[in-house]
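Note: the block below is upload09.tsv and it holds TSV, C-alpha atoms.
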chain	number	residue	atom	x	y	z
C	1	MET	CA	63.61	67.02	-28.78
C	2	LYS	CA	61.19	64.49	-30.20
C	3	PHE	CA	57.55	63.88	-31.02
C	4	LYS	CA	55.14	61.61	-29.11
C	5	THR	CA	51.69	60.42	-30.09
C	6	VAL	CA	48.82	59.90	-27.68
C	7	ARG	CA	46.30	57.51	-29.15
C	8	GLU	CA	42.56	58.01	-29.00
C	9	GLY	CA	41.17	56.78	-25.67
C	10	ASP	CA	44.56	57.10	-23.91
C	11	GLN	CA	46.00	59.78	-21.69
C	12	ALA	CA	49.49	60.92	-20.87
C	13	VAL	CA	51.29	63.34	-18.54
C	14	ILE	CA	54.10	65.55	-19.72
C	15	LEU	CA	56.53	66.88	-17.10
C	16	ASN	CA	58.95	69.74	-17.85
C	17	HIS	CA	62.36	70.38	-16.35
C	18	LEU	CA	60.79	72.45	-13.56
C	19	GLY	CA	58.57	69.58	-12.39
C	20	GLN	CA	55.42	71.07	-13.79
C	21	GLY	CA	53.05	68.72	-15.52
C	22	ARG	CA	50.15	68.79	-17.88
C	23	LEU	CA	47.60	66.20	-18.97
C	24	VAL	CA	47.24	65.26	-22.60
C	25	GLU	CA	44.20	63.34	-23.88
C	26	GLY	CA	44.38	61.52	-27.20
C	27	PRO	CA	44.27	61.57	-30.01
C	28	GLU	CA	47.07	64.11	-30.08
C	29	ARG	CA	50.69	64.42	-31.22
C	30	VAL	CA	52.95	66.48	-28.98
C	31	PHE	CA	56.46	67.90	-29.36
C	32	LEU	CA	58.76	67.41	-26.40
C	33	PHE	CA	61.55	69.84	-25.56
C	34	ARG	CA	63.29	69.33	-22.28
C	35	GLU	CA	60.15	67.43	-21.16
C	36	ARG	CA	59.44	63.88	-20.02
C	37	PHE	CA	56.53	61.87	-21.43
C	38	GLN	CA	54.61	59.40	-19.17
C	39	GLN	CA	51.81	57.16	-20.50
C	40	LEU	CA	48.98	56.75	-17.92
C	41	THR	CA	47.82	53.30	-16.83
C	42	SER	CA	44.16	52.62	-17.48
C	43	TYR	CA	41.96	50.78	-14.98
C	44	THR	CA	38.65	49.37	-16.30
C	45	ALA	CA	35.93	47.91	-14.08
C	46	ASP	CA	32.80	46.02	-15.09
C	47	ARG	CA	29.50	46.06	-13.23
C	48	TYR	CA	30.75	43.59	-10.61
C	49	LYS	CA	33.87	45.64	-9.78
C	50	TYR	CA	34.78	49.14	-8.65
C	51	ILE	CA	37.91	51.31	-8.70
C	52	VAL	CA	39.43	52.77	-5.56
C	53	THR	CA	41.44	55.95	-6.11
C	54	GLN	CA	43.52	57.60	-3.41
C	55	GLU	CA	44.03	61.27	-4.20
C	56	ASN	CA	47.11	63.23	-3.31
C	57	ASN	CA	45.21	65.16	-0.67
C	58	GLY	CA	44.38	61.93	1.17
C	59	CYS	CA	40.79	61.54	0.00
C	60	ILE	CA	39.65	58.11	-1.16
C	61	LEU	CA	37.01	57.72	-3.84
C	62	HIS	CA	35.13	54.59	-4.94
C	63	LYS	CA	33.88	54.60	-8.49
C	64	PRO	CA	31.48	51.74	-9.29
C	65	GLY	CA	31.68	50.00	-12.64
C	66	PRO	CA	31.31	49.94	-15.47
C	67	CYS	CA	33.88	52.73	-15.64
C	68	GLN	CA	37.43	53.64	-16.68
C	69	VAL	CA	39.96	55.57	-14.60
C	70	PHE	CA	43.48	56.66	-15.58
C	71	HIS	CA	46.11	56.68	-12.88
C	72	ASN	CA	47.16	60.33	-13.06
C	73	PRO	CA	50.11	60.98	-10.74
C	74	LEU	CA	49.23	64.67	-10.77
C	75	GLU	CA	45.99	63.84	-8.92
C	76	HIS	CA	46.15	60.26	-7.65
C	77	ARG	CA	48.57	58.59	-5.33
C	78	ALA	CA	47.25	55.08	-6.07
C	79	CYS	CA	44.51	53.31	-8.03
C	80	THR	CA	43.28	49.78	-7.45
C	81	LYS	CA	40.49	47.64	-8.86
C	82	GLN	CA	38.35	45.77	-6.33
C	83	ASP	CA	35.62	43.12	-6.62
C	84	ALA	CA	32.15	44.03	-5.53
C	85	GLN	CA	30.59	41.92	-2.77
C	86	THR	CA	27.84	39.62	-4.09
C	87	ILE	CA	25.24	38.72	-1.49
C	88	ASP	CA	23.25	35.55	-2.13
C	89	ALA	CA	19.71	34.90	-1.04
C	90	ASN	CA	19.33	34.06	2.68
C	91	HIS	CA	22.52	36.03	3.36
C	92	LEU	CA	23.14	39.54	4.60
C	93	MET	CA	25.93	42.00	5.28
C	94	VAL	CA	26.43	44.41	8.12
C	95	VAL	CA	27.89	47.69	6.84
C	96	TYR	CA	29.17	50.66	8.85
C	97	LYS	CA	29.53	54.23	7.58
C	98	ARG	CA	31.60	56.92	9.25
C	99	LEU	CA	29.71	60.13	9.91
C	100	LYS	CA	30.90	63.57	10.78
C	101	GLY	CA	32.08	63.85	14.35
C	102	GLY	CA	33.62	60.36	14.41
C	103	GLU	CA	30.32	58.49	14.84
C	104	ALA	CA	29.33	55.52	12.71
C	105	GLN	CA	26.04	54.42	11.25
C	106	ARG	CA	25.14	50.74	10.86
C	107	ARG	CA	22.89	49.26	8.20
C	108	ILE	CA	22.03	45.75	7.10
C	109	ILE	CA	21.94	44.74	3.44
C	110	GLN	CA	19.70	41.77	2.71
C	111	GLY	CA	20.54	39.55	-0.29
C	112	PRO	CA	20.32	38.89	-3.11
C	113	ALA	CA	22.30	42.03	-3.97
C	114	VAL	CA	25.62	43.39	-5.29
C	115	PHE	CA	27.27	45.63	-2.70
C	116	ILE	CA	29.78	48.31	-3.71
C	117	PRO	CA	30.89	50.23	-0.63
C	118	GLU	CA	31.33	53.93	-0.54
C	119	ALA	CA	34.60	55.50	0.53
C	120	GLU	CA	33.37	55.98	4.09
C	121	GLU	CA	31.88	52.49	4.44
C	122	TRP	CA	33.30	49.17	5.55
C	123	ALA	CA	31.79	45.71	6.05
C	124	HIS	CA	31.64	44.00	9.39
C	125	GLU	CA	33.92	40.96	9.51
C	126	PHE	CA	32.66	38.10	11.68
C	127	GLN	CA	35.13	35.86	13.45
C	128	TRP	CA	33.39	32.87	14.96
C	129	HIS	CA	34.36	29.44	16.14
C	130	GLY	CA	34.76	27.19	13.12
C	131	THR	CA	34.80	23.46	12.59
C	132	ASP	CA	38.25	21.94	12.51
C	133	PRO	CA	38.80	20.47	9.00
C	134	GLU	CA	40.56	17.47	10.52
C	135	ASN	CA	37.96	16.83	13.23
C	136	LYS	CA	34.36	17.84	12.68
C	137	THR	CA	33.57	17.58	16.42
C	138	ARG	CA	36.21	20.15	17.39
C	139	MET	CA	35.57	23.92	17.18
C	140	VAL	CA	38.56	26.24	16.68
C	141	PRO	CA	38.25	29.86	17.92
C	142	GLY	CA	38.32	32.50	15.17
C	143	LEU	CA	38.60	29.95	12.38
C	144	ASN	CA	35.37	30.94	10.64
C	145	LYS	CA	35.92	34.43	9.15
C	146	PHE	CA	33.34	35.93	6.80
C	147	THR	CA	31.47	39.09	5.89
C	148	CYS	CA	28.28	37.56	4.43
C	149	LEU	CA	26.20	36.13	7.24
C	150	SER	CA	23.94	33.16	6.47
C	151	ILE	CA	20.52	33.43	8.11
C	152	ILE	CA	19.24	29.95	7.24
C	153	PRO	CA	19.15	27.26	9.94
C	154	ASP	CA	22.50	25.59	10.52
C	155	ASN	CA	24.09	22.97	12.77
C	156	PHE	CA	27.40	21.76	14.09
C	157	TYR	CA	28.81	18.67	15.81
C	158	TYR	CA	30.41	18.90	19.21
C	159	ASN	CA	31.85	16.49	21.76
C	160	VAL	CA	31.63	17.51	25.41
C	161	ASN	CA	34.82	16.01	26.84
C	162	GLU	CA	35.69	15.03	30.42
C	163	VAL	CA	32.17	14.83	31.78
C	164	ARG	CA	32.33	13.07	35.15
C	165	THR	CA	29.46	11.11	36.66
C	166	SER	CA	28.74	10.81	40.37
C	167	ASP	CA	30.67	7.51	40.52
C	168	ASP	CA	33.80	9.11	38.96
C	169	THR	CA	33.30	7.74	35.46
C	170	MET	CA	34.82	9.98	32.80
C	171	LEU	CA	32.66	10.29	29.69
C	172	THR	CA	32.64	12.10	26.37
C	173	VAL	CA	29.12	13.07	25.34
C	174	LYS	CA	28.56	13.51	21.60
C	175	VAL	CA	25.79	15.87	20.48
C	176	MET	CA	24.64	17.73	17.40
C	177	LEU	CA	23.17	21.23	17.78
C	178	PHE	CA	20.66	22.78	15.36
C	179	TYR	CA	20.22	26.55	15.60
C	180	GLU	CA	18.79	29.53	13.73
C	181	ILE	CA	19.44	33.30	13.82
C	182	VAL	CA	16.26	35.22	14.67
C	183	ASP	CA	17.50	38.70	15.69
C	184	ILE	CA	20.55	40.12	13.94
C	185	LEU	CA	20.68	43.39	15.88
C	186	LYS	CA	20.54	41.64	19.23
C	187	MET	CA	23.37	39.35	18.17
C	188	LEU	CA	25.53	42.29	17.07
C	189	ASP	CA	24.90	44.18	20.31
C	190	THR	CA	25.44	41.28	22.74
C	191	THR	CA	28.20	39.04	21.40
C	192	HIS	CA	31.11	38.87	18.98
C	193	ASP	CA	31.10	35.04	18.79
C	194	PRO	CA	27.66	33.47	19.38
C	195	ILE	CA	28.92	29.99	18.55
C	196	ALA	CA	31.30	30.17	21.51
C	197	ASP	CA	28.41	31.24	23.75
C	198	LEU	CA	26.28	28.32	22.53
C	199	ILE	CA	29.12	25.84	23.08
C	200	ASN	CA	29.77	27.09	26.62
C	201	ALA	CA	26.08	26.90	27.53
C	202	LEU	CA	25.80	23.46	25.94
C	203	CYS	CA	28.74	22.16	27.97
C	204	ALA	CA	27.30	23.63	31.16
C	205	ASP	CA	23.93	21.92	30.62
C	206	VAL	CA	25.50	18.56	29.76
C	207	ILE	CA	27.72	18.67	32.85
C	208	SER	CA	24.76	19.66	35.04
C	209	PHE	CA	22.73	16.76	33.66
C	210	VAL	CA	25.40	14.07	33.89
C	211	GLY	CA	27.02	15.14	37.17
C	212	PRO	CA	24.33	13.88	39.63
C	213	LEU	CA	23.92	10.55	37.78
C	214	THR	CA	25.83	7.32	38.10
C	215	TYR	CA	27.13	5.54	35.05
C	216	GLU	CA	24.20	3.10	34.98
C	217	GLN	CA	21.68	5.90	35.51
C	218	PHE	CA	23.28	7.86	32.70
C	219	ILE	CA	22.89	4.90	30.36
C	220	ASP	CA	19.23	4.58	31.31
C	221	LYS	CA	18.57	8.31	30.76
C	222	THR	CA	20.47	8.93	27.55
C	223	SER	CA	17.18	9.57	25.73
C	224	LEU	CA	16.73	12.75	27.80
C	225	ILE	CA	19.85	14.26	26.26
C	226	SER	CA	17.91	14.80	23.02
C	227	CYS	CA	15.17	16.71	24.88
C	228	LEU	CA	15.33	20.52	24.84
C	229	ASP	CA	14.14	20.68	28.44
C	230	THR	CA	17.56	19.34	29.46
C	231	TYR	CA	19.24	22.54	28.18
C	232	PRO	CA	17.78	25.55	30.05
C	233	GLN	CA	21.06	27.51	30.05
C	234	LEU	CA	21.54	26.89	26.33
C	235	GLN	CA	18.07	28.14	25.47
C	236	GLN	CA	18.46	31.15	27.73
C	237	ARG	CA	21.84	32.09	26.28
C	238	ALA	CA	20.64	31.54	22.70
C	239	GLU	CA	17.69	33.86	23.25
C	240	ARG	CA	19.99	36.49	24.78
C	241	VAL	CA	22.27	36.56	21.71
C	242	GLY	CA	19.42	36.51	19.16
C	243	PHE	CA	19.53	32.80	18.35
C	244	LYS	CA	16.98	30.00	18.63
C	245	VAL	CA	17.93	26.42	19.42
C	246	GLN	CA	15.73	24.13	17.33
C	247	LYS	CA	16.88	20.79	18.71
C	248	VAL	CA	19.81	18.91	20.20
C	249	VAL	CA	20.50	15.39	18.94
C	250	PHE	CA	22.36	12.89	21.13
C	251	ARG	CA	24.92	11.05	18.98
C	252	GLY	CA	26.31	8.71	21.61
C	253	TYR	CA	28.98	8.70	24.25
C	254	HIS	CA	32.45	7.35	24.83
C	255	ALA	CA	34.07	6.16	28.06
C	256	SER	CA	37.55	4.82	28.82
C	257	ASP	CA	38.79	1.88	26.79
C	258	GLN	CA	38.59	-0.57	29.69
C	259	LEU	CA	35.15	0.60	30.71
C	260	GLN	CA	34.05	0.61	27.11
C	261	GLN	CA	35.28	-2.96	26.72
C	262	MET	CA	33.33	-4.01	29.82
C	263	GLN	CA	30.31	-2.17	28.53
C	264	ASN	CA	30.66	-3.86	25.15
C	265	SER	CA	30.85	-7.26	26.86
C	266	ALA	CA	27.76	-6.46	28.92
C	267	ILE	CA	25.97	-5.25	25.82
C	268	GLU	CA	26.97	-8.42	23.99
C	269	SER	CA	25.67	-10.59	26.85
C	270	ARG	CA	22.43	-8.63	27.05
C	271	THR	CA	22.05	-8.81	23.31
C	272	GLN	CA	22.60	-12.58	23.34
C	273	LEU	CA	20.07	-13.03	26.14
C	274	ARG	CA	17.61	-10.81	24.34
C	275	LEU	CA	18.07	-12.81	21.16
C	276	GLN	CA	17.53	-16.06	23.06
C	277	ARG	CA	14.42	-14.61	24.64
C	278	GLU	CA	13.17	-13.47	21.27
C	279	ILE	CA	13.88	-16.92	19.80
C	280	GLU	CA	12.01	-18.57	22.66
C	281	GLU	CA	9.15	-16.12	22.24
C	282	GLN	CA	9.06	-16.88	18.53
C	283	GLU	CA	9.00	-20.63	19.24
C	284	GLN	CA	6.19	-20.16	21.75
C	285	LYS	CA	4.31	-17.99	19.32
C	286	LEU	CA	4.81	-20.66	16.65
C	287	ALA	CA	3.53	-23.39	18.99
C	288	ASN	CA	0.55	-21.23	19.95
C	289	PHE	CA	-0.04	-20.51	16.30
C	290	LYS	CA	-0.04	-24.22	15.43
C	291	LEU	CA	-2.35	-25.00	18.37
C	292	ASN	CA	-4.73	-22.22	17.37
C	293	LYS	CA	-4.74	-23.45	13.80
C	294	LEU	CA	-5.46	-27.01	14.99
C	295	GLN	CA	-8.32	-25.71	17.09
C	296	GLU	CA	-9.62	-23.71	14.16
C	297	ARG	CA	-9.29	-26.76	11.87
C	298	SER	CA	-11.09	-28.96	14.45
C	299	SER	CA	-13.84	-26.37	14.77
C	300	ILE	CA	-14.16	-26.22	11.00
C	301	GLN	CA	-14.32	-30.04	10.76
C	302	GLN	CA	-16.97	-30.18	13.49
C	303	SER	CA	-18.92	-27.48	11.75
C	304	MET	CA	-18.66	-29.39	8.47
C	305	GLU	CA	-19.79	-32.62	10.15
C	306	ILE	CA	-22.75	-30.82	11.72
C	307	LYS	CA	-23.64	-29.28	8.39
C	308	ARG	CA	-23.26	-32.69	6.68
C	309	ALA	CA	-25.54	-34.33	9.28
C	310	GLU	CA	-28.06	-31.51	8.97
C	311	HIS	CA	-27.92	-31.93	5.19
C	312	LYS	CA	-28.56	-35.68	5.51
C	313	GLN	CA	-31.46	-35.01	7.87
C	314	ARG	CA	-32.93	-32.43	5.51
C	315	LEU	CA	-32.43	-34.84	2.60
C	316	ALA	CA	-34.10	-37.71	4.51
C	317	ALA	CA	-36.94	-35.40	5.49
C	318	LEU	CA	-37.36	-34.36	1.86
C	319	VAL	CA	-37.32	-38.03	0.72
C	320	GLN	CA	-39.86	-38.97	3.37
C	321	LYS	CA	-41.99	-36.00	2.46
C	322	HIS	CA	-41.73	-36.97	-1.20
C	323	ASN	CA	-42.70	-40.58	-0.40
C	324	LEU	CA	-45.64	-39.42	1.66
C	325	GLU	CA	-46.74	-37.14	-1.12
C	326	MET	CA	-46.41	-40.00	-3.64
C	327	GLU	CA	-48.36	-42.38	-1.37
C	328	GLU	CA	-50.98	-39.71	-0.86
C	329	LEU	CA	-51.12	-39.15	-4.62
C	330	LYS	CA	-51.35	-42.95	-5.22
C	331	LEU	CA	-54.12	-43.32	-2.67
C	332	ARG	CA	-55.91	-40.33	-4.15
C	333	GLN	CA	-55.58	-41.86	-7.62
C	334	GLN	CA	-56.78	-45.25	-6.31
C	335	LEU	CA	-59.73	-43.58	-4.64
C	336	GLU	CA	-60.53	-41.72	-7.81
C	337	LEU	CA	-60.15	-44.94	-9.84
C	338	SER	CA	-62.32	-46.88	-7.35
C	339	SER	CA	-64.86	-44.10	-7.48
C	340	LEU	CA	-64.81	-44.22	-11.27
C	341	GLU	CA	-65.15	-48.02	-11.24
C	342	THR	CA	-68.03	-47.85	-8.77
C	343	LYS	CA	-69.67	-45.20	-10.85
C	344	VAL	CA	-69.13	-47.26	-14.00
C	345	GLN	CA	-70.52	-50.36	-12.29
C	346	MET	CA	-73.49	-48.40	-11.04
C	347	ASP	CA	-74.05	-46.97	-14.49
C	348	TYR	CA	-73.72	-50.43	-15.95
C	349	LYS	CA	-76.07	-51.82	-13.32
C	350	GLU	CA	-78.52	-49.07	-14.00
C	351	ALA	CA	-78.23	-49.69	-17.72
C	352	GLU	CA	-78.66	-53.45	-17.16
C	353	ASP	CA	-81.63	-52.88	-14.90
C	354	ALA	CA	-83.06	-50.45	-17.39
C	355	GLN	CA	-82.58	-53.06	-20.12
C	356	LYS	CA	-84.24	-55.69	-17.95
C	357	VAL	CA	-87.12	-53.37	-17.17
C	358	LYS	CA	-87.44	-52.61	-20.84
C	359	HIS	CA	-87.31	-56.31	-21.64
C	360	LEU	CA	-89.91	-57.11	-19.03
C	361	ALA	CA	-91.99	-54.22	-20.27
C	362	SER	CA	-91.76	-55.66	-23.79
C	363	LEU	CA	-92.81	-59.07	-22.43
C	364	ALA	CA	-95.65	-57.53	-20.58
C	365	SER	CA	-96.66	-55.77	-23.73
C	366	ILE	CA	-97.09	-59.11	-25.46
C	367	ASN	CA	-99.19	-60.49	-22.58
C	368	VAL	CA	-96.49	-62.54	-20.95
C	369	ASP	CA	-96.90	-63.26	-17.29
C	370	VAL	CA	-93.89	-61.44	-16.05
C	371	THR	CA	-94.13	-62.78	-12.51
C	372	LYS	CA	-94.21	-66.35	-13.65
C	373	TYR	CA	-91.41	-65.54	-16.04
C	374	LEU	CA	-89.27	-64.18	-13.33
C	375	THR	CA	-90.11	-67.08	-11.03
C	376	LEU	CA	-89.22	-69.57	-13.63
C	377	GLN	CA	-86.08	-67.72	-14.44
C	378	CYS	CA	-84.96	-67.85	-10.85
C	379	ASP	CA	-85.93	-71.55	-10.35
C	380	THR	CA	-84.85	-72.89	-13.72
C	381	PRO	CA	-81.72	-75.03	-13.52
C	382	ALA	CA	-78.75	-74.40	-15.68
C	383	HIS	CA	-78.91	-75.22	-19.40
C	384	GLU	CA	-82.71	-75.38	-19.32
C	385	GLU	CA	-84.85	-73.69	-21.86
C	386	ILE	CA	-88.27	-72.25	-21.25
C	387	ARG	CA	-90.30	-71.61	-24.31
C	388	VAL	CA	-93.40	-69.46	-24.20
C	389	VAL	CA	-95.63	-69.57	-27.17
C	390	ASN	CA	-98.49	-67.39	-28.00
C	391	SER	CA	-100.44	-66.77	-30.99
C	392	ARG	CA	-98.14	-64.11	-32.43
C	393	GLN	CA	-94.54	-64.94	-31.43
C	394	GLU	CA	-92.48	-67.37	-29.51
C	395	VAL	CA	-90.14	-66.29	-26.72
C	396	THR	CA	-87.30	-68.52	-25.65
C	397	SER	CA	-85.38	-67.97	-22.41
C	398	GLY	CA	-82.48	-69.88	-20.98
C	399	SER	CA	-79.98	-69.75	-18.18
C	400	LYS	CA	-76.60	-71.27	-17.73
Step by step, read the file and then write its structure as structure tokens.
Amino acid sequence: MKFKTVREGDQAVILNHLGQGRLVEGPERVFLFRERFQQLTSYTADRYKYIVTQENNGCILHKPGPCQVFHNPLEHRACTKQDAQTIDANHLMVVYKRLKGGEAQRRIIQGPAVFIPEAEEWAHEFQWHGTDPENKTRMVPGLNKFTCLSIIPDNFYYNVNEVRTSDDTMLTVKVMLFYEIVDILKMLDTTHDPIADLINALCADVISFVGPLTYEQFIDKTSLISCLDTYPQLQQRAERVGFKVQKVVFRGYHASDQLQQMQNSAIESRTQLRLQREIEEQEQKLANFKLNKLQERSSIQQSMEIKRAEHKQRLAALVQKHNLEMEELKLRQQLELSSLETKVQMDYKEAEDAQKVKHLASLASINVDVTKYLTLQCDTPAHEEIRVVNSRQEVTSGSK
């Protein structure tokens, strides 16, 4: 006999000697007599968790958080706390729910979301080929296991090994495949590993392309490996499983070591010859450049000489024109000066004649024989005086 205390917020189960039990919720103090006291374990879940309880009758219940559940052995066989499934953006989950009659219903949950399954629901687990961590060009079956499917474009590296040409050359073709999921339902209905289907179709197309070609032809046509038209089976298979192949990138190839060494030697020789050709072309271009520049310089010098000669001719023409204008101006000034002198002489002559006429008129007015005076004036030798006397005045005339 003893007392037990059940605290507030806790629960306990009390079992008697007959195996009967009762539930006690705190706060409460109980007296035990031939009874066994069992404290119940509490399970608490936040909003990103849920509690799974398995009842004694076999039913399973999922209680989403936030919540609290006590593991009551009178009702529950087991209680566990599980994490809810967080779905990021550009991801989705495929969920199945069991219906009455044994059938199942499928639904797709698009992220972003927090998924808490019901008791009758389970998530689809994908098992695809995954990239080997030690070799990124090798795909391992079933390595990539997940429940959240990414629907953004993705890619993977792959090496198609043991590809034989028509001249029995063994090659390894290296490619990179870019793909995108376009139809989820078609993918779920037609395949369980679409990556394996894409790899098989890719290998088939590469072998079909390389098989009819010789090694030299393959080298010449390597650019076609990056063309989508080279992969009809890949595109057809991708469309059938709900995928879309965006592009295939050719990353190179690898042959046997001996053949690769020969190929490297040939590439080195071709590269050396190409470099020599480029050097020769550069030298020729430099010589042509110098010659063109000399021709341009000669043309410029000739043009400058022509312009200089034309300038001299224009300058000489301007000087000659200036001289002619100055001569014309000088002649015009001389003519004007001569005209002025002639006019002055004429005016002087007229004034002199007028003075003579006036003088003769004055002589005539004093009764001097003007004719005789003029005759004597013309016939009188130099330094000879002629004196004319009258009753009123005396006139003296002389010539030198």
When you count all atoms listed in the file, which of these residues is closest to Asn90 (chain C): C:Arg297, C:Met346, C:Ile181, C:Arg237?
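Nearest to Asn90 (chain C): C:Ile181.
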Do you know which residues are at most 7 Å from Thr165 (chain C) counting only C-alpha atoms, after dropping those on the same chain fewer than 2 positions away, and could you put them as an MDAnalysis selection string?
chainID C and resid 163 167:170 210:215
Which residues, written as a PyMOL selection string, have at least one atom at most 12 Å from Gln233 (chain C), with all atoms listed in the file counted and residues fewer than 3 positions away on the same chain left out?
chain C and resi 197-209+228-230+236-240+245
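Those residues that approach Asn56 (chain C) to within 6 Å, counting only C-alpha atoms, are Glu75, His76 and Arg77 of chain C; same-chain residues fewer than 4 positions away are not listed.
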Radius query 12 Å about (40.1, 56.9, -7.5), atoms used: all atoms listed in the file, as a ChimeraX atom specification:
/C:42-45,50-64,67-73,75-82,118-119
CA of Ser269 (chain C) to CA of Glu281 (chain C): how many Å, to one decimal?
18.0 Å
Which distance in Å separates CA of Ala351 (chain C) and CA of Glu336 (chain C), to one decimal?
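Rounded to one decimal, the two atoms are 21.8 Å apart.
Put simply, CA of Asp220 (chain C) is 18.3 Å away from CA of Gln261 (chain C).
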Set the distance at 12 Å and use only C-alpha atoms: which residues neighbour Val249 (chain C) once local chain neighbours fewer than 2 positions away are removed? I'd like the list as a PyMOL selection string.
chain C and resi 155-159+173-179+202+222-228+230-231+245-247+251-252
What's the 10 Å shell around Pro141 (chain C), counting only C-alpha atoms, without same-chain residues fewer than 4 positions away, as an NGL selection string?
:C and (127-132 or 193 or 195-196)
Generate the missing atoms of region 361-367 of chain C up to all heavy atoms and report them as a PDB file, keeping the file's coordinate frame.
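The new file rebuild29.pdb reads:
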ATOM      1  N   ALA C 361     -90.862 -55.031 -19.757  1.00  0.00           N
ATOM      2  CA  ALA C 361     -91.990 -54.220 -20.270  1.00  0.00           C
ATOM      3  C   ALA C 361     -92.418 -54.734 -21.648  1.00  0.00           C
ATOM      4  O   ALA C 361     -93.618 -54.784 -21.974  1.00  0.00           O
ATOM      5  CB  ALA C 361     -91.585 -52.766 -20.324  1.00  0.00           C
ATOM      6  N   SER C 362     -91.393 -55.127 -22.458  1.00  0.00           N
ATOM      7  CA  SER C 362     -91.760 -55.660 -23.790  1.00  0.00           C
ATOM      8  C   SER C 362     -92.494 -56.989 -23.672  1.00  0.00           C
ATOM      9  O   SER C 362     -93.394 -57.315 -24.457  1.00  0.00           O
ATOM     10  CB  SER C 362     -90.484 -55.797 -24.635  1.00  0.00           C
ATOM     11  OG  SER C 362     -89.602 -56.727 -24.042  1.00  0.00           O
ATOM     12  N   LEU C 363     -92.094 -57.803 -22.640  1.00  0.00           N
ATOM     13  CA  LEU C 363     -92.810 -59.070 -22.430  1.00  0.00           C
ATOM     14  C   LEU C 363     -94.237 -58.812 -21.959  1.00  0.00           C
ATOM     15  O   LEU C 363     -95.177 -59.514 -22.370  1.00  0.00           O
ATOM     16  CB  LEU C 363     -92.043 -59.912 -21.400  1.00  0.00           C
ATOM     17  CG  LEU C 363     -90.667 -60.475 -21.844  1.00  0.00           C
ATOM     18  CD1 LEU C 363     -90.036 -61.224 -20.691  1.00  0.00           C
ATOM     19  CD2 LEU C 363     -90.842 -61.376 -23.064  1.00  0.00           C
ATOM     20  N   ALA C 364     -94.302 -57.839 -21.090  1.00  0.00           N
ATOM     21  CA  ALA C 364     -95.650 -57.530 -20.580  1.00  0.00           C
ATOM     22  C   ALA C 364     -96.531 -56.990 -21.690  1.00  0.00           C
ATOM     23  O   ALA C 364     -97.752 -57.204 -21.703  1.00  0.00           O
ATOM     24  CB  ALA C 364     -95.542 -56.527 -19.443  1.00  0.00           C
ATOM     25  N   SER C 365     -95.848 -56.346 -22.647  1.00  0.00           N
ATOM     26  CA  SER C 365     -96.660 -55.770 -23.730  1.00  0.00           C
ATOM     27  C   SER C 365     -97.200 -56.845 -24.660  1.00  0.00           C
ATOM     28  O   SER C 365     -98.170 -56.627 -25.384  1.00  0.00           O
ATOM     29  CB  SER C 365     -95.792 -54.777 -24.537  1.00  0.00           C
ATOM     30  OG  SER C 365     -94.699 -55.453 -25.117  1.00  0.00           O
ATOM     31  N   ILE C 366     -96.592 -58.023 -24.592  1.00  0.00           N
ATOM     32  CA  ILE C 366     -97.090 -59.110 -25.460  1.00  0.00           C
ATOM     33  C   ILE C 366     -97.870 -60.125 -24.634  1.00  0.00           C
ATOM     34  O   ILE C 366     -97.949 -61.327 -24.973  1.00  0.00           O
ATOM     35  CB  ILE C 366     -95.912 -59.756 -26.198  1.00  0.00           C
ATOM     36  CG1 ILE C 366     -94.886 -60.313 -25.203  1.00  0.00           C
ATOM     37  CG2 ILE C 366     -95.276 -58.810 -27.196  1.00  0.00           C
ATOM     38  CD1 ILE C 366     -93.772 -61.084 -25.887  1.00  0.00           C
ATOM     39  N   ASN C 367     -98.296 -59.695 -23.426  1.00  0.00           N
ATOM     40  CA  ASN C 367     -99.190 -60.490 -22.580  1.00  0.00           C
ATOM     41  C   ASN C 367     -98.489 -61.679 -21.966  1.00  0.00           C
ATOM     42  O   ASN C 367     -99.011 -62.779 -21.874  1.00  0.00           O
ATOM     43  CB  ASN C 367    -100.409 -60.953 -23.358  1.00  0.00           C
ATOM     44  CG  ASN C 367    -101.254 -59.766 -23.843  1.00  0.00           C
ATOM     45  OD1 ASN C 367    -101.405 -58.789 -23.113  1.00  0.00           O
ATOM     46  ND2 ASN C 367    -101.807 -59.876 -25.039  1.00  0.00           N
TER      47      ASN C 367
END
